[in-house]
>>> print(open('final13.txt').read())   # compact mmCIF, C-alpha atoms
# COMPACT_ATOMS: atom_id res chain seq x y z
CA LEU A 927 15.29 -4.02 -0.15
CA VAL A 928 13.13 -3.38 -3.25
CA GLN A 929 9.46 -4.36 -3.17
CA SER A 930 6.38 -2.70 -4.64
CA THR A 931 3.31 -3.51 -2.55
CA SER A 932 1.00 -3.83 -5.54
CA TYR A 933 -1.25 -6.81 -6.37
CA PRO A 934 -1.24 -9.20 -4.60
CA ALA A 935 -0.77 -6.43 -2.02
CA ASN A 936 -1.01 -8.53 1.11
CA ASP A 937 1.47 -11.15 -0.17
CA ASN A 938 3.96 -8.49 -1.26
CA LEU A 939 3.61 -6.54 1.98
CA MET A 940 4.14 -9.67 4.06
CA GLU A 941 7.22 -10.59 2.00
CA LEU A 942 8.60 -7.12 2.61
CA LEU A 943 8.07 -7.36 6.38
CA VAL A 944 9.59 -10.84 6.63
CA CYS A 945 12.64 -9.77 4.60
CA ILE A 946 13.13 -6.66 6.76
CA ASP A 947 12.97 -8.83 9.88
CA ALA A 948 15.49 -11.29 8.41
CA LEU A 949 17.92 -8.47 7.58
CA ARG A 950 17.53 -6.92 11.03
CA ARG A 951 18.24 -10.26 12.70
CA ALA A 952 21.30 -10.62 10.44
CA SER A 953 22.67 -7.39 12.01
CA ALA A 954 22.27 -5.16 8.95
CA ARG A 955 23.71 -1.71 9.69
CA ARG A 956 20.85 0.06 7.90
CA ILE A 957 17.73 -1.21 6.12
CA THR A 958 16.07 0.93 3.45
CA ALA A 959 12.70 -0.27 2.16
CA VAL A 960 12.45 0.79 -1.50
CA MET A 961 8.77 0.80 -2.39
CA PRO A 962 8.18 2.27 -5.87
CA TYR A 963 4.45 1.82 -5.21
CA PHE A 964 3.18 2.20 -1.64
CA GLY A 965 0.10 0.01 -1.23
CA TYR A 966 -2.87 1.09 0.90
CA ALA A 967 -1.89 4.73 0.24
CA ARG A 968 -5.47 5.70 -0.65
CA GLN A 969 -6.66 4.78 2.85
CA ASP A 970 -4.92 7.78 4.39
CA ARG A 971 -7.83 9.22 6.40
CA LYS A 972 -11.19 8.34 7.95
CA PRO A 973 -13.89 9.07 5.35
CA GLY A 974 -16.52 7.78 7.75
CA PRO A 975 -16.95 6.42 11.28
CA ARG A 976 -15.30 3.12 12.24
CA THR A 977 -13.05 2.92 9.20
CA PRO A 978 -9.32 2.12 9.37
CA ILE A 979 -6.45 4.38 8.37
CA SER A 980 -4.61 1.55 6.67
CA ALA A 981 -1.75 3.68 5.34
CA LYS A 982 -0.80 4.51 8.95
CA LEU A 983 -1.03 0.83 9.93
CA VAL A 984 1.30 -0.18 7.08
CA ALA A 985 3.74 2.57 8.12
CA ASN A 986 3.72 1.18 11.67
CA LEU A 987 4.30 -2.38 10.41
CA ILE A 988 7.29 -1.36 8.28
CA THR A 989 8.84 0.64 11.11
CA THR A 990 8.26 -2.07 13.72
CA ALA A 991 9.69 -4.75 11.41
CA GLY A 992 12.97 -2.84 11.51
CA ALA A 993 13.27 -0.55 8.48
CA ASP A 994 15.44 2.52 9.04
CA ARG A 995 14.33 4.43 5.96
CA VAL A 996 11.69 4.29 3.21
CA LEU A 997 12.14 5.29 -0.43
CA THR A 998 8.97 5.56 -2.48
CA MET A 999 7.50 7.44 -5.44
CA ASP A 1000 4.48 9.72 -5.90
CA LEU A 1001 2.66 9.01 -2.66
CA HIS A 1002 -1.08 9.40 -3.12
CA ALA A 1003 -1.11 11.92 -0.26
CA GLY A 1004 1.91 13.83 1.00
CA GLN A 1005 0.86 13.53 4.62
CA ILE A 1006 1.64 9.79 4.53
CA GLN A 1007 5.28 10.77 5.08
CA GLY A 1008 4.19 11.98 8.51
CA PHE A 1009 2.77 8.54 9.33
CA PHE A 1010 6.35 7.26 9.62
CA ASP A 1011 8.72 7.93 12.50
CA ILE A 1012 11.67 7.19 10.20
CA PRO A 1013 12.98 9.20 7.20
CA VAL A 1014 10.86 8.93 4.03
CA ASP A 1015 12.11 10.00 0.59
CA ASN A 1016 9.17 10.55 -1.77
CA LEU A 1017 10.47 10.83 -5.35
CA TYR A 1018 8.41 12.33 -8.18
CA ALA A 1019 7.87 10.99 -11.68
CA SER A 1020 7.06 14.48 -12.99
CA PRO A 1021 10.55 15.14 -14.47
CA LEU A 1022 10.41 11.85 -16.40
CA MET A 1023 6.91 12.60 -17.70
CA ALA A 1024 7.84 16.15 -18.68
CA ALA A 1025 10.91 14.91 -20.58
CA ASP A 1026 8.83 12.30 -22.44
CA LEU A 1027 6.17 14.88 -23.32
CA ARG A 1028 8.83 17.30 -24.58
CA GLU A 1029 10.26 14.59 -26.86
CA ARG A 1030 6.92 13.61 -28.39
CA TYR A 1031 4.87 16.81 -28.51
CA ASP A 1032 5.18 20.53 -29.00
CA PRO A 1033 4.74 21.89 -25.44
CA GLY A 1034 3.11 25.04 -26.83
CA ALA A 1035 0.25 22.97 -28.23
CA LEU A 1036 -0.44 21.09 -24.99
CA VAL A 1037 -2.91 21.61 -22.18
CA ILE A 1038 -2.02 19.73 -19.01
CA VAL A 1039 -5.21 18.57 -17.31
CA SER A 1040 -5.88 17.46 -13.75
CA PRO A 1041 -8.64 14.81 -13.73
CA ASP A 1042 -9.86 16.08 -10.35
CA VAL A 1043 -9.43 19.07 -8.06
CA GLY A 1044 -7.14 17.15 -5.71
CA GLY A 1045 -4.50 16.61 -8.39
CA VAL A 1046 -4.16 20.25 -9.45
CA GLY A 1047 -0.76 20.66 -7.77
CA ARG A 1048 0.69 17.71 -9.68
CA ALA A 1049 -0.68 18.93 -13.02
CA ARG A 1050 0.47 22.49 -12.35
CA GLY A 1051 4.01 21.24 -11.68
CA ILE A 1052 4.24 19.51 -15.06
CA ALA A 1053 2.57 22.44 -16.84
CA LYS A 1054 5.16 24.77 -15.30
CA ARG A 1055 8.02 22.54 -16.48
CA LEU A 1056 6.67 22.60 -20.04
CA ASP A 1057 5.38 26.19 -19.96
CA ALA A 1058 2.01 24.75 -21.02
CA SER A 1059 -1.58 25.70 -20.21
CA LEU A 1060 -3.54 24.13 -17.35
CA ALA A 1061 -7.11 22.86 -17.13
CA ILE A 1062 -9.13 20.98 -14.51
CA VAL A 1063 -11.88 18.37 -14.80
CA ASP A 1064 -14.34 18.83 -11.95
CA LYS A 1065 -15.89 15.48 -11.11
CA ARG A 1066 -18.20 14.03 -8.51
CA ARG A 1067 -17.65 10.48 -7.26
CA GLU A 1068 -20.98 8.92 -6.26
CA ARG A 1069 -19.46 5.65 -4.99
CA ALA A 1070 -16.10 3.86 -4.93
CA GLY A 1071 -14.80 2.95 -8.38
CA THR A 1072 -17.13 5.23 -10.32
CA SER A 1073 -16.96 8.90 -11.25
CA GLU A 1074 -19.15 11.42 -13.01
CA VAL A 1075 -17.65 14.34 -14.93
CA VAL A 1076 -19.32 17.59 -13.99
CA ASN A 1077 -17.42 20.37 -15.76
CA VAL A 1078 -14.20 21.23 -17.61
CA ILE A 1079 -12.50 24.32 -16.18
CA GLY A 1080 -10.19 26.00 -18.69
CA ASP A 1081 -9.92 26.41 -22.45
CA VAL A 1082 -9.16 23.11 -24.22
CA SER A 1083 -10.69 23.88 -27.61
CA GLY A 1084 -8.44 22.80 -30.51
CA ARG A 1085 -5.67 21.60 -28.16
CA LEU A 1086 -4.05 18.28 -27.31
CA CYS A 1087 -4.94 17.53 -23.69
CA VAL A 1088 -2.69 15.47 -21.42
CA LEU A 1089 -4.31 14.14 -18.26
CA VAL A 1090 -1.88 13.71 -15.34
CA ASP A 1091 -2.52 11.59 -12.25
CA ASP A 1092 -0.69 9.45 -9.69
CA ILE A 1093 -2.79 6.25 -9.84
CA VAL A 1094 -4.99 4.66 -12.49
CA ASP A 1095 -7.07 1.82 -11.04
CA SER A 1096 -10.35 1.09 -12.81
CA GLY A 1097 -9.64 3.74 -15.44
CA GLY A 1098 -13.12 5.23 -15.13
CA THR A 1099 -11.94 8.68 -14.09
CA LEU A 1100 -9.49 9.00 -16.99
CA CYS A 1101 -11.90 7.63 -19.59
CA ASN A 1102 -14.73 9.93 -18.47
CA ALA A 1103 -12.37 12.89 -18.36
CA ALA A 1104 -11.07 12.14 -21.88
CA GLN A 1105 -14.66 11.97 -23.16
CA ALA A 1106 -15.49 15.29 -21.51
CA LEU A 1107 -12.38 16.97 -22.95
CA VAL A 1108 -13.15 15.82 -26.51
CA GLU A 1109 -16.73 16.99 -26.13
CA ALA A 1110 -15.35 20.35 -24.95
CA GLY A 1111 -13.43 20.72 -28.22
CA ALA A 1112 -10.05 19.08 -27.56
CA THR A 1113 -8.46 17.53 -30.65
CA SER A 1114 -7.31 14.49 -28.66
CA ALA A 1115 -6.57 13.33 -25.13
CA ALA A 1116 -3.66 11.36 -23.67
CA ALA A 1117 -2.83 10.43 -20.08
CA TYR A 1118 0.38 10.16 -18.04
CA VAL A 1119 0.01 8.26 -14.76
CA THR A 1120 2.72 7.14 -12.34
CA HIS A 1121 1.20 3.94 -10.96
CA GLY A 1122 -0.66 1.65 -13.35
CA VAL A 1123 -2.73 -0.46 -10.95
CA LEU A 1124 -5.18 -1.24 -13.80
CA SER A 1125 -7.51 -3.62 -11.99
CA ALA A 1126 -9.95 -5.98 -13.71
CA GLY A 1127 -11.54 -4.50 -16.83
CA ALA A 1128 -9.39 -1.36 -16.85
CA VAL A 1129 -7.34 -2.28 -19.93
CA ALA A 1130 -10.47 -3.01 -22.00
CA ARG A 1131 -12.08 0.20 -20.73
CA ILE A 1132 -9.08 2.25 -21.82
CA ALA A 1133 -8.93 0.51 -25.21
CA ALA A 1134 -12.55 1.50 -25.87
CA SER A 1135 -12.15 5.08 -24.59
CA ARG A 1136 -11.33 8.38 -26.30
CA LEU A 1137 -7.81 8.26 -24.86
CA GLU A 1138 -5.17 8.32 -27.57
CA THR A 1139 -2.56 6.74 -25.31
CA LEU A 1140 -1.91 5.99 -21.64
CA VAL A 1141 1.67 6.27 -20.40
CA ILE A 1142 2.50 4.60 -17.09
CA THR A 1143 5.76 3.88 -15.25
CA ASP A 1144 7.13 0.50 -14.25
CA SER A 1145 6.62 1.15 -10.53
CA ILE A 1146 4.16 -1.77 -10.72
CA ARG A 1147 4.97 -4.92 -12.65
CA ALA A 1148 2.83 -4.93 -15.80
CA THR A 1149 0.43 -7.80 -16.42
CA GLU A 1150 0.34 -9.55 -19.78
CA ALA A 1151 -2.82 -7.64 -20.70
CA VAL A 1152 -1.03 -4.34 -20.07
CA ARG A 1153 2.08 -5.40 -22.00
CA VAL A 1154 0.13 -6.25 -25.17
CA ALA A 1155 -2.29 -3.29 -24.99
CA GLU A 1156 -1.82 -1.00 -28.00
CA LYS A 1157 -2.83 2.17 -26.17
CA ILE A 1158 -0.63 1.64 -23.09
CA ARG A 1159 3.07 2.52 -23.03
CA GLU A 1160 5.53 2.17 -20.17
CA ILE A 1161 8.46 4.39 -19.16
CA THR A 1162 11.01 3.27 -16.61
CA VAL A 1163 11.75 4.87 -13.26
CA ALA A 1164 14.74 2.58 -12.63
CA PRO A 1165 17.46 5.23 -13.27
CA LEU A 1166 15.77 7.70 -10.89
CA ILE A 1167 15.32 5.13 -8.11
CA GLY A 1168 18.81 3.75 -8.73
CA GLU A 1169 20.34 7.22 -8.30
CA ALA A 1170 18.38 7.73 -5.08
CA ILE A 1171 19.61 4.37 -3.74
CA ARG A 1172 23.20 5.33 -4.60
CA ARG A 1173 22.91 8.66 -2.81
CA ILE A 1174 21.34 7.08 0.27
CA SER A 1175 24.12 4.48 0.34
CA ASP A 1176 26.80 7.17 -0.04
CA GLU A 1177 24.99 9.36 2.53
CA SER A 1178 24.94 12.23 0.05
CA SER A 1179 22.08 14.63 -0.71
CA VAL A 1180 18.87 13.26 -2.17
CA SER A 1181 17.13 16.66 -2.22
CA SER A 1182 17.90 17.54 -5.85
CA LEU A 1183 16.01 14.43 -7.01
CA PHE A 1184 12.79 15.94 -5.65
CA ASP A 1185 12.96 18.86 -8.13
>>> encode(input="final13.txt", output="structure tokens")
Amino acid sequence: LVQSTSYPANDNLMELLVCIDALRRASARRITAVMPYFGYARQDRKPGPRTPISAKLVANLITTAGADRVLTMDLHAGQIQGFFDIPVDNLYASPLMAADLRERYDPGALVIVSPDVGGVGRARGIAKRLDASLAIVDKRRERAGTSEVVNVIGDVSGRLCVLVDDIVDSGGTLCNAAQALVEAGATSAAAYVTHGVLSAGAVARIAASRLETLVITDSIRATEAVRVAEKIREITVAPLIGEAIRRISDESSVSSLFD
């Protein structure tokens, strides 16, 4: 059962739960919920008192509805897998991004950049695949939806910088990071992001930014504004997810797809 829980998140989540229940009541032998984008993933902890851990709630809903397994991609936080009491396969878009970068750029001229400290592991993984340099943008978020660039850690002077992240929502973090990188001497800045949420105003913000291009996957259905945007390009994750579905159906190993 394939369903990304992107906007409208509540409608899509409810559709998923109803479909799982219908399949369970139709005596399905096994139900795998394929969620290329796992909604509510950013609410994975309690940042303050009396706040919900919505990612855990969604995991409970999916399990209680009757799913036997979940297949998703680039979870915002790895610990979300532990919120489920059923098997979770978390695929990574890194191999697809690395292959696309290798086709379009000289890896030796690239610097892979994490837009925040929390994403260093993801950026390091792609940098290792390409044998490229690594840099980090240290930022401070004053309130939700806004970010302030503090410092660029690493040498980016005279290099093409590629920002790597799992989710782009308002686009503020990427645009501010691109500006900081250019000011630090980078020749240009591009971005590769798995999930293109791109909420209101994000497309216009990216169009006006110092980003040369933004590459996203089709884990979330693109809006018309995203489809016609000159700076935004989409790569497909369908073959990767399709292979994972085949292996789950055949009950063969999925482990190699995580590499």
>>> residues_around(input="final13.txt", residues="A:Gln969", least_positions_apart="5", cutoff="9 Å", atoms="only C-alpha atoms", output="PyMOL selection string")
chain A and resi 978-982
>>> atom_distance(input="final13.txt", atom1="atom CA of A:Arg1136", atom2="atom CA of A:Glu1029")
22.5 Å
>>> closest_residue(input="final13.txt", among="A:Asp1042, A:Leu1022, A:Thr989, A:Ser1083", to="A:Glu1109", atoms="only C-alpha atoms")
A:Ser1083
>>> atom_distance(input="final13.txt", atom1="atom CA of A:Leu1001", atom2="atom CA of A:Arg950")
25.7 Å
>>> residues_around(input="final13.txt", residues="A:Tyr1018", least_positions_apart="5", cutoff="8 Å", atoms="only C-alpha atoms", output="tab-separated table (two decimals) with C-alpha atoms, keeping the file's coordinate frame")
chain	number	residue	atom	x	y	z
A	999	MET	CA	7.50	7.44	-5.44
A	1000	ASP	CA	4.48	9.72	-5.90
A	1183	LEU	CA	16.01	14.43	-7.01
A	1184	PHE	CA	12.79	15.94	-5.65
A	1185	ASP	CA	12.96	18.86	-8.13
>>> atom_distance(input="final13.txt", atom1="atom CA of A:Ala1126", atom2="atom CA of A:Ile1146")
15.0 Å
>>> closest_residue(input="final13.txt", among="A:His1121, A:Asn1102, A:Ala1151, A:Ala1115", to="A:Phe964", atoms="all atoms listed in the file")
A:His1121
>>> residues_around(input="final13.txt", residues="A:Asp1064", least_positions_apart="3", cutoff="9 Å", atoms="all atoms listed in the file", output="list of chain:residue names")
A:Ser1040, A:Pro1041, A:Asp1042, A:Val1043, A:Glu1074, A:Val1075, A:Val1076, A:Asn1077, A:Val1078, A:Ile1079, A:Ala1103
>>> closest_residue(input="final13.txt", among="A:Pro1165, A:Leu1017, A:Thr998, A:Gly965", to="A:Ser1181", atoms="all atoms listed in the file")
A:Leu1017
>>> closest_residue(input="final13.txt", among="A:Pro973, A:Gly1168, A:Gly1047, A:Gly1111", to="A:Arg1085", atoms="only C-alpha atoms")
A:Gly1111
>>> residues_around(input="final13.txt", residues="A:Ala1170", least_positions_apart="2", cutoff="12 Å", atoms="all atoms listed in the file", output="PyMOL selection string")
chain A and resi 958+960+962+996-999+1014-1018+1163-1168+1172-1184
>>> residues_around(input="final13.txt", residues="A:Leu1027", least_positions_apart="2", cutoff="10 Å", atoms="only C-alpha atoms", output="ChimeraX atom specification")
/A:1021-1025,1029-1033,1036,1052,1056,1088,1118
>>> closest_residue(input="final13.txt", among="A:Val1094, A:Leu1140, A:Leu1086, A:Cys1101", to="A:Val1123", atoms="all atoms listed in the file")
A:Val1094
>>> closest_residue(input="final13.txt", among="A:Ser1125, A:Thr1120, A:Thr1162, A:Thr977", to="A:Pro934", atoms="only C-alpha atoms")
A:Ser1125
>>> decode(input="final13.txt", residues="stretch 994-1007 of chain A", atoms="N, CA, C and O atoms", output="JSON list (two decimals), in the first residue's frame")
[["chain", "number", "residue", "atom", "x", "y", "z"],
["A", 994, "ASP", "N", 1.78, -4.68, 8.89],
["A", 994, "ASP", "CA", 2.77, -5.65, 9.37],
["A", 994, "ASP", "C", 4.19, -5.15, 9.18],
["A", 994, "ASP", "O", 5.13, -5.66, 9.79],
["A", 995, "ARG", "N", 4.36, -4.16, 8.31],
["A", 995, "ARG", "CA", 5.70, -3.69, 7.98],
["A", 995, "ARG", "C", 5.59, -2.28, 7.39],
["A", 995, "ARG", "O", 4.58, -1.94, 6.78],
["A", 996, "VAL", "N", 6.63, -1.47, 7.56],
["A", 996, "VAL", "CA", 6.66, -0.13, 6.99],
["A", 996, "VAL", "C", 7.93, 0.03, 6.16],
["A", 996, "VAL", "O", 9.02, -0.37, 6.59],
["A", 997, "LEU", "N", 7.77, 0.59, 4.98],
["A", 997, "LEU", "CA", 8.89, 0.91, 4.10],
["A", 997, "LEU", "C", 8.87, 2.41, 3.86],
["A", 997, "LEU", "O", 7.87, 2.96, 3.39],
["A", 998, "THR", "N", 9.95, 3.09, 4.23],
["A", 998, "THR", "CA", 10.00, 4.54, 4.07],
["A", 998, "THR", "C", 11.38, 4.95, 3.58],
["A", 998, "THR", "O", 12.24, 4.10, 3.31],
["A", 999, "MET", "N", 11.60, 6.26, 3.48],
["A", 999, "MET", "CA", 12.87, 6.75, 2.95],
["A", 999, "MET", "C", 13.34, 7.97, 3.73],
["A", 999, "MET", "O", 12.55, 8.90, 3.98],
["A", 1000, "ASP", "N", 14.62, 7.97, 4.07],
["A", 1000, "ASP", "CA", 15.27, 9.10, 4.74],
["A", 1000, "ASP", "C", 14.42, 9.69, 5.87],
["A", 1000, "ASP", "O", 13.99, 10.85, 5.82],
["A", 1001, "LEU", "N", 14.19, 8.88, 6.88],
["A", 1001, "LEU", "CA", 13.50, 9.38, 8.07],
["A", 1001, "LEU", "C", 14.27, 10.56, 8.65],
["A", 1001, "LEU", "O", 15.50, 10.57, 8.66],
["A", 1002, "HIS", "N", 13.53, 11.55, 9.13],
["A", 1002, "HIS", "CA", 14.17, 12.74, 9.67],
["A", 1002, "HIS", "C", 15.08, 12.40, 10.85],
["A", 1002, "HIS", "O", 16.12, 13.03, 11.05],
["A", 1003, "ALA", "N", 14.68, 11.41, 11.63],
["A", 1003, "ALA", "CA", 15.48, 10.95, 12.77],
["A", 1003, "ALA", "C", 15.45, 9.43, 12.81],
["A", 1003, "ALA", "O", 14.37, 8.83, 12.75],
["A", 1004, "GLY", "N", 16.62, 8.82, 12.90],
["A", 1004, "GLY", "CA", 16.71, 7.37, 12.86],
["A", 1004, "GLY", "C", 15.95, 6.68, 13.98],
["A", 1004, "GLY", "O", 15.46, 5.56, 13.80],
["A", 1005, "GLN", "N", 15.81, 7.36, 15.13],
["A", 1005, "GLN", "CA", 15.15, 6.71, 16.26],
["A", 1005, "GLN", "C", 13.67, 6.46, 16.01],
["A", 1005, "GLN", "O", 13.03, 5.72, 16.78],
["A", 1006, "ILE", "N", 13.09, 7.08, 14.98],
["A", 1006, "ILE", "CA", 11.67, 6.85, 14.68],
["A", 1006, "ILE", "C", 11.42, 5.38, 14.38],
["A", 1006, "ILE", "O", 10.33, 4.86, 14.65],
["A", 1007, "GLN", "N", 12.42, 4.68, 13.85],
["A", 1007, "GLN", "CA", 12.26, 3.24, 13.62],
["A", 1007, "GLN", "C", 11.91, 2.53, 14.92],
["A", 1007, "GLN", "O", 11.17, 1.54, 14.91]]
